[in-house]
Each structure stands twice: as C-alpha cells, then as structure tokens.
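Q: Sending over entry-v5.txt (compact mmCIF, C-alpha atoms and all ligand atoms).
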# COMPACT_ATOMS: atom_id res chain seq x y z
CA MET F 1 67.33 80.42 107.15
CA THR F 2 66.81 84.02 108.27
CA ALA F 3 69.28 85.96 110.42
CA VAL F 4 66.88 85.76 113.37
CA ASP F 5 66.90 82.00 113.06
CA ASP F 6 70.66 82.05 112.72
CA LYS F 7 70.94 84.04 115.92
CA THR F 8 68.72 81.67 117.88
CA VAL F 9 70.67 78.72 116.59
CA VAL F 10 73.96 80.39 117.51
CA ARG F 11 72.77 81.30 121.03
CA GLU F 12 71.50 77.78 121.66
CA TYR F 13 74.67 76.24 120.24
CA PHE F 14 76.99 78.35 122.42
CA ASN F 15 74.86 77.59 125.46
CA ALA F 16 75.09 73.82 124.87
CA THR F 17 77.45 71.66 122.76
CA GLY F 18 79.23 74.72 121.39
CA PHE F 19 79.96 75.89 124.90
CA ASP F 20 81.64 72.61 125.85
CA ARG F 21 83.59 72.51 122.61
CA TRP F 22 84.80 76.11 122.55
CA ARG F 23 85.46 76.35 126.28
CA ARG F 24 87.91 73.47 125.79
CA ILE F 25 89.43 74.90 122.61
CA TYR F 26 89.86 78.29 124.30
CA GLY F 27 91.35 76.68 127.41
CA ASP F 28 94.60 74.96 128.29
CA GLY F 29 93.44 71.39 128.95
CA GLU F 30 93.87 68.38 126.72
CA VAL F 31 92.11 68.52 123.33
CA ASN F 32 92.30 66.60 120.08
CA LYS F 33 94.75 67.54 117.32
CA VAL F 34 92.32 69.60 115.28
CA GLN F 35 91.13 71.52 118.33
CA LEU F 36 94.73 72.14 119.39
CA ASP F 37 95.44 73.54 115.94
CA ILE F 38 92.40 75.86 116.17
CA ARG F 39 93.48 76.90 119.69
CA LYS F 40 96.91 77.88 118.39
CA GLY F 41 95.48 79.78 115.44
CA HIS F 42 93.02 81.70 117.58
CA GLN F 43 95.75 82.53 120.08
CA LYS F 44 97.70 84.14 117.22
CA THR F 45 94.73 86.43 116.57
CA VAL F 46 94.51 87.39 120.26
CA ASP F 47 98.28 87.93 120.42
CA THR F 48 98.24 90.12 117.31
CA VAL F 49 95.53 92.38 118.75
CA MET F 50 97.35 92.60 122.08
CA ALA F 51 100.62 93.44 120.32
CA TRP F 52 98.94 96.23 118.32
CA PHE F 53 97.39 97.78 121.43
CA MET F 54 100.53 97.37 123.53
CA ALA F 55 102.62 99.01 120.80
CA ASP F 56 100.46 102.12 121.08
CA GLY F 57 101.38 102.28 124.78
CA ASN F 58 98.13 103.81 126.05
CA LEU F 59 95.99 100.82 126.98
CA ALA F 60 95.52 102.03 130.56
CA GLU F 61 93.71 105.11 129.23
CA LEU F 62 91.31 103.21 127.01
CA THR F 63 87.78 101.91 127.28
CA VAL F 64 87.40 98.75 125.26
CA CYS F 65 84.28 96.87 124.22
CA ASP F 66 84.84 93.19 123.40
CA ALA F 67 81.70 92.31 121.43
CA GLY F 68 81.07 88.55 121.34
CA CYS F 69 83.75 87.97 123.98
CA GLY F 70 83.41 84.19 124.23
CA VAL F 71 85.23 82.95 127.34
CA GLY F 72 87.24 86.16 127.66
CA SER F 73 90.35 85.14 125.67
CA LEU F 74 90.93 88.77 124.72
CA SER F 75 89.02 90.62 127.47
CA ILE F 76 91.18 89.13 130.21
CA PRO F 77 94.62 90.08 128.83
CA MET F 78 93.24 93.49 127.83
CA ALA F 79 92.03 94.10 131.38
CA ALA F 80 95.28 92.73 132.83
CA ALA F 81 97.15 95.29 130.72
CA GLY F 82 95.13 98.11 132.24
CA ALA F 83 92.23 98.76 129.85
CA ARG F 84 88.73 99.30 131.19
CA VAL F 85 86.88 96.47 129.50
CA TYR F 86 83.21 95.92 128.81
CA ALA F 87 82.61 92.42 127.43
CA SER F 88 79.46 90.74 126.25
CA ASP F 89 78.33 87.65 124.43
CA ILE F 90 75.03 86.31 123.20
CA SER F 91 75.62 83.13 125.22
CA GLU F 92 75.07 83.26 129.00
CA LYS F 93 77.29 80.21 129.40
CA MET F 94 80.23 81.78 127.55
CA VAL F 95 79.91 84.98 129.58
CA GLY F 96 79.65 82.99 132.81
CA GLU F 97 82.85 81.14 131.95
CA ALA F 98 84.57 84.41 131.02
CA ARG F 99 83.58 85.93 134.36
CA GLU F 100 84.88 82.89 136.29
CA ARG F 101 88.19 82.96 134.42
CA ALA F 102 88.55 86.70 135.01
CA GLN F 103 87.87 86.28 138.73
CA LYS F 104 90.64 83.67 138.92
CA LEU F 105 93.19 85.60 136.88
CA LEU F 106 92.61 89.28 137.60
CA GLY F 107 92.61 91.56 140.59
CA PRO F 108 89.20 92.81 141.80
CA ASP F 109 89.71 96.25 140.22
CA GLN F 110 90.61 94.81 136.83
CA ILE F 111 87.62 92.54 136.25
CA PRO F 112 85.73 93.52 133.11
CA THR F 113 82.01 94.22 133.18
CA PHE F 114 80.50 91.10 131.65
CA GLU F 115 76.99 90.88 130.24
CA ALA F 116 74.98 88.35 128.28
CA ARG F 117 73.73 90.43 125.36
CA ASP F 118 73.68 90.12 121.63
CA LEU F 119 75.82 92.74 120.00
CA GLU F 120 72.90 94.41 118.21
CA SER F 121 71.60 95.52 121.61
CA LEU F 122 74.90 96.99 122.82
CA GLU F 123 74.86 100.67 123.70
CA GLY F 124 77.33 103.30 124.84
CA HIS F 125 80.64 104.60 123.55
CA TYR F 126 84.07 103.07 123.81
CA HIS F 127 87.44 104.21 122.57
CA SER F 128 87.92 100.84 120.86
CA VAL F 129 85.47 98.15 119.86
CA ILE F 130 86.81 94.70 119.09
CA CYS F 131 84.88 91.84 117.60
CA LEU F 132 86.92 88.71 116.98
CA ASP F 133 85.73 85.71 114.99
CA VAL F 134 82.04 86.59 115.35
CA LEU F 135 81.31 87.58 111.73
CA ILE F 136 81.50 83.89 110.91
CA HIS F 137 77.98 83.70 112.38
CA TYR F 138 76.65 86.44 110.08
CA PRO F 139 75.45 85.91 106.54
CA GLN F 140 76.88 88.35 104.04
CA ASP F 141 73.71 90.44 103.79
CA LYS F 142 73.68 91.00 107.58
CA ALA F 143 77.35 91.94 107.93
CA ALA F 144 76.83 95.60 106.94
CA GLU F 145 74.16 96.13 109.60
CA MET F 146 76.32 94.47 112.25
CA ILE F 147 79.43 96.51 111.38
CA GLN F 148 77.34 99.69 111.27
CA HIS F 149 76.08 99.00 114.78
CA LEU F 150 79.59 98.37 116.12
CA SER F 151 80.75 101.56 114.37
CA ALA F 152 78.19 103.58 116.32
CA LEU F 153 79.72 102.30 119.59
CA ALA F 154 83.35 102.95 118.62
CA GLU F 155 84.88 106.40 118.91
CA SER F 156 88.38 105.85 117.51
CA ARG F 157 89.01 102.25 116.59
CA LEU F 158 87.20 99.16 115.39
CA VAL F 159 89.00 95.83 115.20
CA LEU F 160 87.31 92.97 113.36
CA SER F 161 88.34 89.50 112.39
CA PHE F 162 86.60 87.15 110.01
CA ALA F 163 87.17 84.07 107.89
CA PRO F 164 88.09 85.36 104.44
CA LYS F 165 86.15 84.24 101.41
CA THR F 166 88.68 83.17 98.84
CA ILE F 167 88.46 80.42 96.25
CA PHE F 168 90.62 78.18 98.40
CA TYR F 169 88.66 78.62 101.63
CA THR F 170 85.33 78.39 99.85
CA ALA F 171 86.41 75.02 98.52
CA LEU F 172 87.64 73.96 101.94
CA LYS F 173 84.35 74.95 103.54
CA LYS F 174 82.47 72.95 100.90
CA VAL F 175 84.29 69.80 101.86
CA GLY F 176 83.15 70.40 105.41
CA ASP F 177 86.51 71.14 107.00
CA PHE F 178 85.80 74.59 108.27
CA PHE F 179 84.79 73.61 111.79
CA PRO F 180 85.81 69.99 111.60
CA GLY F 181 84.53 67.32 113.94
CA PRO F 182 81.17 65.89 114.94
CA SER F 183 80.15 68.85 117.13
CA LYS F 184 80.05 71.16 114.16
CA ALA F 185 76.55 72.55 114.54
CA THR F 186 76.40 76.13 113.33
CA ARG F 187 76.64 77.52 109.84
CA ALA F 188 79.90 79.26 109.02
CA TYR F 189 79.86 82.32 106.77
CA LEU F 190 82.97 83.51 104.97
CA HIS F 191 83.35 87.18 104.01
CA ARG F 192 85.26 88.86 101.20
CA GLN F 193 87.90 91.20 102.56
CA ALA F 194 87.02 93.81 99.92
CA ASP F 195 83.37 93.75 101.06
CA VAL F 196 84.29 94.21 104.73
CA ILE F 197 86.67 97.07 103.91
CA LYS F 198 83.98 98.74 101.79
CA ILE F 199 81.53 98.57 104.71
CA LEU F 200 84.13 99.97 107.11
CA GLU F 201 84.96 102.83 104.76
CA ALA F 202 81.28 103.62 104.32
CA ASN F 203 81.16 104.06 108.11
CA GLY F 204 84.01 106.57 108.08
CA TRP F 205 86.86 104.20 108.91
CA THR F 206 90.37 103.98 107.47
CA ILE F 207 92.24 100.69 107.59
CA GLN F 208 95.41 101.01 109.69
CA ARG F 209 96.81 97.56 110.32
CA THR F 210 95.95 94.16 108.94
CA ALA F 211 97.05 90.61 109.67
CA PHE F 212 96.20 87.14 108.52
CA ASN F 213 96.45 84.43 111.16
CA LYS F 214 96.30 80.87 110.01
CA THR F 215 97.07 77.33 110.97
CA GLN F 216 95.88 74.19 109.27
CA PHE F 217 92.26 74.49 110.44
CA TYR F 218 92.01 78.09 111.56
CA PHE F 219 92.17 81.14 109.36
CA SER F 220 91.22 84.64 110.23
CA ARG F 221 91.75 88.01 108.59
CA LEU F 222 92.21 90.77 111.12
CA LEU F 223 91.56 94.44 110.32
CA GLU F 224 92.16 97.48 112.47
CA ALA F 225 90.20 100.54 111.39
CA THR F 226 90.59 104.00 112.91
CA ARG F 227 89.00 107.42 112.51
C1 LIG W 301 84.13 81.78 117.64
S1 LIG W 301 83.64 82.53 119.15
C2 LIG W 301 84.81 83.87 119.39
C3 LIG W 301 84.83 84.37 120.82
C4 LIG W 301 85.78 85.54 121.12
N1 LIG W 301 85.49 86.71 120.34
C5 LIG W 301 87.21 85.12 120.93
O1 LIG W 301 87.79 85.41 119.87
O2 LIG W 301 87.76 84.46 121.82
C6 LIG W 301 82.20 83.39 118.62
C7 LIG W 301 81.43 84.00 119.78
O3 LIG W 301 80.49 84.93 119.24
C8 LIG W 301 79.32 84.87 120.02
N2 LIG W 301 78.23 85.43 119.21
C9 LIG W 301 77.73 84.96 118.05
N3 LIG W 301 76.75 85.78 117.60
C10 LIG W 301 76.66 86.80 118.48
C11 LIG W 301 75.83 87.95 118.58
N4 LIG W 301 74.90 88.24 117.67
N5 LIG W 301 76.01 88.79 119.62
C12 LIG W 301 76.95 88.53 120.56
N6 LIG W 301 77.75 87.45 120.54
C13 LIG W 301 77.61 86.59 119.51
C14 LIG W 301 79.18 83.40 120.35
O4 LIG W 301 78.32 83.14 121.43
C15 LIG W 301 80.64 83.01 120.62
O5 LIG W 301 80.97 83.15 121.97
Would you write the structure of this file as structure tokens?
A:
Amino acid sequence: MTAVDDKTVVREYFNATGFDRWRRIYGDGEVNKVQLDIRKGHQKTVDTVMAWFMADGNLAELTVCDAGCGVGSLSIPMAAAGARVYASDISEKMVGEARERAQKLLGPDQIPTFEARDLESLEGHYHSVICLDVLIHYPQDKAAEMIQHLSALAESRLVLSFAPKTIFYTALKKVGDFFPGPSKATRAYLHRQADVIKILEANGWTIQRTAFNKTQFYFSRLLEATR
C-alpha cells in the first residue's frame, strides 16, 4: 500500500468508525477496559507535554501548532494555559469535535484556530510544533519527509511521540494487540527511536527531554527537540 493510499484510508477511518472509537477513548464517558487503559496511557502523554511546557513558564508567549490534533486533547489544555494554538487534523470529524469541546471548555479569546488539513499542507511558523501519536500512521520510509515538513514549521521546538519499534512491541503488534478490538481498521507503524532521533538531528534539532508513557495497551515514546 502506498503512503497516498494510507492517507486516504486514515482520513476515511477517522471520519467514520475511527471517529466514534477515538472520540470515546479521548473522552470521559464509559468505555471498555482496553479503551480505558488506552485513555489513561494517552492522558499520560498529554500530561507529560503539559508539564514540560508549564515548567518552562512561558506558555502565554508561545505560538503552538498541534499537528494531527484529534479531538483537541492537547490543544485545549495548551490554550487554557495561555498559548496561542493552531490545531489541525486530516479528519473533518475530529476537528469538528475538537472545536465543539474547545467552545464548551474555553473562553472566546482562548479558542484555538482549528482546520481540517493534512499536516503535509500546513504552512507558517510557530514557536513550537507538537505532533502526538500521529507517526503511527506513517510507514518508516515516509517518516523522514513528515518530520522534515514539521521541522520547517517549527522555530524553536518540535515535540513528537510515536510507538517505539522494539523486539517486544514488534511481537505484540504481530499478535494483533496493538489497537485491540474489532474496530481496528488502520495499519499501525512502529518506529525505531534511533531512526527518529537521526531524522531530527539531520534537521538541526537537539534532543532535550524524553519520556516513555505506557500502560498495558498503550505505549508511546515522547521526544522534545529544540534548536
Ligand atoms: C491517534 S490520534 C492522536 C490525536 C492527537 N494528536 C492526540 O494525541 O490526542 C491520530 C490523529 O492523527 C490524525 N492524522 C493521521 N494522519 C494525519 C495526517 N497526514 N495529517 C493530519 N492528521 C493526521 C488522525 O486523523 C487522528 O486524529
């Protein structure tokens, strides 16, 4: 399957069954045990990023691009903490949900600019670009191009998270547990941390902070790169 096909599949998935599934996982309503576990794991990733940015103490001065924002799990707390947030996602449905949640939770001046756009078509410059759990939709040979594009948008910081390719997780993925459940419908690509770091360094970045957030069914390596 080519990357173009992958992208179409991903867009259609997150506008249909994937939207229903992930909107529930990234919400606070009742979900099954596996989904609850993934919700908790993903929340750890969001909390880690928020803690990093809050520790720097200058969020209110920053422009932030949340590339592949989903339902706004990160965009909303970022905006609530004072950042000027631009958020986009390839799925109109995910962006629509993010906008609705933001309108409920934020003041009118805080609401991020939301757009349905794939991240390859993003333009402009932001202090920080963040892209959480999106690389899972990119085959290894497309990751460099994607990270290079995000690098061109980011002035000072790029934060990425991805499912790490290790022997253990490769085996787990093979037995079909990566996105468990019947609504699993997209391919999941794991990435080697060393490969991602090499791509970041080739784009002029230095790794500052790292974290690994995991629960039973969720695992995500988080890297903060600055320049
Ligand atoms: C697993 S979700 C993560 C959402 C969000 N970053 C978060 O952590 O809450 C992956 C998201 O990436 C989006 N996505 C996948 N490929 C994309 C692309 N090429 N451009 C923009 N968004 C994309 C999907 O529509 C989906 O909302």
Q: Within 9 Å of Leu74 of chain F, counting all atoms listed in the file, which residues qualify if same-chain residues fewer than 5 places away don't, as a list in words?
A: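 Final neighbour list, sorted by chain and number: Val46, Asp47, Val49, Met50, Asp66, Cys69, Ala79 and Leu132 of chain F.
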Q: What is the atom CA of Leu158 of chain F-atom CA of Gln208 of chain F distance in Å, reported with one decimal?
A: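 Rounded to one decimal, the two atoms are 10.2 Å apart.
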Q: For Ile90 of chain F, find every residue with an atom within 6 Å (counting only C-alpha atoms), except residues of its own chain fewer than 5 positions away, and show them as a PyMOL selection string.
A: chain F and resi 11+116-118
Q: Would you kindly identify which residues have an atom no farther than 12 Å from (95.6, 104.9, 127.2), using all atoms listed in the file and the file's own coordinates, and write them out as a ChimeraX atom specification?
A: /F:53-64,78,81-84,127-128
Q: Write out as a CSV table (one decimal) with C-alpha atoms, in the coordinates of the input the residues lying within 12 Å of Ile130 of chain F, counting only C-alpha atoms and excluding same-chain residues fewer than 3 positions away.
A:
chain,number,residue,atom,x,y,z
F,45,THR,CA,94.7,86.4,116.6
F,46,VAL,CA,94.5,87.4,120.3
F,49,VAL,CA,95.5,92.4,118.8
F,50,MET,CA,97.4,92.6,122.1
F,53,PHE,CA,97.4,97.8,121.4
F,63,THR,CA,87.8,101.9,127.3
F,64,VAL,CA,87.4,98.8,125.3
F,65,CYS,CA,84.3,96.9,124.2
F,66,ASP,CA,84.8,93.2,123.4
F,67,ALA,CA,81.7,92.3,121.4
F,68,GLY,CA,81.1,88.6,121.3
F,69,CYS,CA,83.8,88.0,124.0
F,74,LEU,CA,90.9,88.8,124.7
F,75,SER,CA,89.0,90.6,127.5
F,78,MET,CA,93.2,93.5,127.8
F,85,VAL,CA,86.9,96.5,129.5
F,86,TYR,CA,83.2,95.9,128.8
F,87,ALA,CA,82.6,92.4,127.4
F,88,SER,CA,79.5,90.7,126.2
F,119,LEU,CA,75.8,92.7,120.0
F,126,TYR,CA,84.1,103.1,123.8
F,127,HIS,CA,87.4,104.2,122.6
F,133,ASP,CA,85.7,85.7,115.0
F,134,VAL,CA,82.0,86.6,115.4
F,135,LEU,CA,81.3,87.6,111.7
F,147,ILE,CA,79.4,96.5,111.4
F,150,LEU,CA,79.6,98.4,116.1
F,151,SER,CA,80.8,101.6,114.4
F,153,LEU,CA,79.7,102.3,119.6
F,154,ALA,CA,83.4,103.0,118.6
F,155,GLU,CA,84.9,106.4,118.9
F,156,SER,CA,88.4,105.8,117.5
F,157,ARG,CA,89.0,102.2,116.6
F,158,LEU,CA,87.2,99.2,115.4
F,159,VAL,CA,89.0,95.8,115.2
F,160,LEU,CA,87.3,93.0,113.4
F,161,SER,CA,88.3,89.5,112.4
F,162,PHE,CA,86.6,87.2,110.0
F,222,LEU,CA,92.2,90.8,111.1
F,223,LEU,CA,91.6,94.4,110.3
F,224,GLU,CA,92.2,97.5,112.5
F,225,ALA,CA,90.2,100.5,111.4
F,226,THR,CA,90.6,104.0,112.9
Q: Enclose all atoms of ligand LIG 301 (chain W) listed in the file in an axis-aligned box, grow every side by 6 Å, and hand back centre and edge lengths in Å to one decimal, as AutoDock Vina command-line options.
A:
--center_x 81.3 --center_y 85.3 --center_z 119.8 --size_x 24.9 --size_y 19.0 --size_z 16.4
Q: Identify which of the residues F:Asp89, F:Asp109, F:Asp28, F:Asp20 lies closest to ligand LIG 301 (chain W), counting all atoms listed in the file when measuring atom-to-atom distances.
A: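 So, comparing all the options, the nearest one is F:Asp89.
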Q: Would you please work out which residue, of F:Ile207, F:Leu106, F:Ile199, F:Ala98, is nearest to ligand LIG 301 (chain W) when using all atoms listed in the file?
A: F:Ala98
Q: Distance atom CA of Asn203 of chain F-atom C1 of ligand LIG 301 (chain W), one decimal place?
A: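 Pair atom CA of Asn203 of chain F / atom C1 of ligand LIG 301 (chain W) returns 24.4 Å.
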Q: Return the single residue from F:Thr17, F:Val31, F:Trp52, F:Tyr138 that is closest to ligand LIG 301 (chain W), with distances computed using only C-alpha atoms and all ligand atoms.
A: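 Of the candidates, the smallest distance to ligand LIG 301 (chain W) is held by F:Tyr138.
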Q: Record the distance separating atom CA of Thr206 of chain F and atom CA of His137 of chain F, expressed in Å with one decimal.
A: 24.3 Å
Q: Given the choices F:Arg23, F:Arg221, F:Lys7, F:Lys142, which gets closest to Arg209 of chain F if the distance is worked out from only C-alpha atoms?
A: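 Once distances to Arg209 of chain F are computed over only C-alpha atoms, the minimum belongs to F:Arg221.
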Q: Which residues are near Thr215 of chain F? Cut-off 10 Å, all atoms listed in the file, ignore same chain within fewer than 3 positions. Put them as a PyMOL selection string.
A: chain F and resi 37-42+44+218-220
Q: Would you mind exporting C-alpha atoms of the selected residues as an mmCIF file, keeping the file's coordinate frame?
A:
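result_0.cif was written with the following content:
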data_model
loop_
_atom_site.group_PDB
_atom_site.id
_atom_site.type_symbol
_atom_site.label_atom_id
_atom_site.label_comp_id
_atom_site.auth_asym_id
_atom_site.auth_seq_id
_atom_site.Cartn_x
_atom_site.Cartn_y
_atom_site.Cartn_z
ATOM 1 C CA ASP F 37 95.440 73.540 115.940
ATOM 2 C CA ILE F 38 92.400 75.860 116.170
ATOM 3 C CA ARG F 39 93.480 76.900 119.690
ATOM 4 C CA LYS F 40 96.910 77.880 118.390
ATOM 5 C CA GLY F 41 95.480 79.780 115.440
ATOM 6 C CA HIS F 42 93.020 81.700 117.580
ATOM 7 C CA LYS F 44 97.700 84.140 117.220
ATOM 8 C CA TYR F 218 92.010 78.090 111.560
ATOM 9 C CA PHE F 219 92.170 81.140 109.360
ATOM 10 C CA SER F 220 91.220 84.640 110.230
#
Q: When distances are computed from only C-alpha atoms, which of F:Pro112, F:Gly18, F:Gly70, F:Pro77 shows the smallest separation from Glu97 of chain F?
A: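 Closest to Glu97 of chain F, using only C-alpha atoms: F:Gly70.
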Q: Counting all atoms listed in the file, figure out which residue out of F:Ser73, F:Asp6, F:Leu190, F:Asp141 gets nearest to ligand LIG 301 (chain W).
A: F:Ser73
Q: Could you add the missing atoms to segment 104-122 of chain F, up to N, CA and C atoms, and return them as a PDB file, keeping the file's coordinate frame?
A:
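Final file, result_31.pdb:
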ATOM      1  N   LYS F 104      89.460  84.445 138.520  1.00  0.00           N
ATOM      2  CA  LYS F 104      90.640  83.670 138.920  1.00  0.00           C
ATOM      3  C   LYS F 104      91.934  84.394 138.561  1.00  0.00           C
ATOM      4  N   LEU F 105      91.922  85.097 137.431  1.00  0.00           N
ATOM      5  CA  LEU F 105      93.190  85.600 136.880  1.00  0.00           C
ATOM      6  C   LEU F 105      93.467  87.074 137.144  1.00  0.00           C
ATOM      7  N   LEU F 106      92.425  87.823 137.490  1.00  0.00           N
ATOM      8  CA  LEU F 106      92.610  89.280 137.600  1.00  0.00           C
ATOM      9  C   LEU F 106      92.369  89.760 139.026  1.00  0.00           C
ATOM     10  N   GLY F 107      92.904  90.916 139.316  1.00  0.00           N
ATOM     11  CA  GLY F 107      92.610  91.560 140.590  1.00  0.00           C
ATOM     12  C   GLY F 107      91.193  92.112 140.566  1.00  0.00           C
ATOM     13  N   PRO F 108      90.597  92.362 141.750  1.00  0.00           N
ATOM     14  CA  PRO F 108      89.200  92.810 141.800  1.00  0.00           C
ATOM     15  C   PRO F 108      88.936  94.106 141.021  1.00  0.00           C
ATOM     16  N   ASP F 109      89.926  94.980 140.936  1.00  0.00           N
ATOM     17  CA  ASP F 109      89.710  96.250 140.220  1.00  0.00           C
ATOM     18  C   ASP F 109      89.827  96.102 138.705  1.00  0.00           C
ATOM     19  N   GLN F 110      90.353  94.972 138.277  1.00  0.00           N
ATOM     20  CA  GLN F 110      90.610  94.810 136.830  1.00  0.00           C
ATOM     21  C   GLN F 110      89.478  94.082 136.108  1.00  0.00           C
ATOM     22  N   ILE F 111      88.597  93.441 136.882  1.00  0.00           N
ATOM     23  CA  ILE F 111      87.620  92.540 136.250  1.00  0.00           C
ATOM     24  C   ILE F 111      86.693  93.295 135.300  1.00  0.00           C
ATOM     25  N   PRO F 112      86.617  92.847 134.055  1.00  0.00           N
ATOM     26  CA  PRO F 112      85.730  93.520 133.110  1.00  0.00           C
ATOM     27  C   PRO F 112      84.263  93.446 133.543  1.00  0.00           C
ATOM     28  N   THR F 113      83.463  94.326 133.010  1.00  0.00           N
ATOM     29  CA  THR F 113      82.010  94.220 133.180  1.00  0.00           C
ATOM     30  C   THR F 113      81.544  93.221 132.137  1.00  0.00           C
ATOM     31  N   PHE F 114      80.965  92.127 132.591  1.00  0.00           N
ATOM     32  CA  PHE F 114      80.500  91.100 131.650  1.00  0.00           C
ATOM     33  C   PHE F 114      78.979  91.099 131.597  1.00  0.00           C
ATOM     34  N   GLU F 115      78.444  90.931 130.401  1.00  0.00           N
ATOM     35  CA  GLU F 115      76.990  90.880 130.240  1.00  0.00           C
ATOM     36  C   GLU F 115      76.613  89.910 129.138  1.00  0.00           C
ATOM     37  N   ALA F 116      75.509  89.193 129.358  1.00  0.00           N
ATOM     38  CA  ALA F 116      74.980  88.350 128.280  1.00  0.00           C
ATOM     39  C   ALA F 116      74.055  89.218 127.443  1.00  0.00           C
ATOM     40  N   ARG F 117      74.479  89.527 126.249  1.00  0.00           N
ATOM     41  CA  ARG F 117      73.730  90.430 125.360  1.00  0.00           C
ATOM     42  C   ARG F 117      74.153  90.168 123.920  1.00  0.00           C
ATOM     43  N   ASP F 118      73.225  90.234 123.009  1.00  0.00           N
ATOM     44  CA  ASP F 118      73.680  90.120 121.630  1.00  0.00           C
ATOM     45  C   ASP F 118      74.201  91.492 121.194  1.00  0.00           C
ATOM     46  N   LEU F 119      75.107  91.481 120.262  1.00  0.00           N
ATOM     47  CA  LEU F 119      75.820  92.740 120.000  1.00  0.00           C
ATOM     48  C   LEU F 119      74.943  93.808 119.362  1.00  0.00           C
ATOM     49  N   GLU F 120      73.817  93.410 118.766  1.00  0.00           N
ATOM     50  CA  GLU F 120      72.900  94.410 118.210  1.00  0.00           C
ATOM     51  C   GLU F 120      72.255  95.255 119.303  1.00  0.00           C
ATOM     52  N   SER F 121      72.236  94.744 120.532  1.00  0.00           N
ATOM     53  CA  SER F 121      71.600  95.520 121.610  1.00  0.00           C
ATOM     54  C   SER F 121      72.628  96.274 122.448  1.00  0.00           C
ATOM     55  N   LEU F 122      73.890  96.261 122.049  1.00  0.00           N
ATOM     56  CA  LEU F 122      74.900  96.990 122.820  1.00  0.00           C
ATOM     57  C   LEU F 122      74.719  98.496 122.629  1.00  0.00           C
TER      58      LEU F 122
END
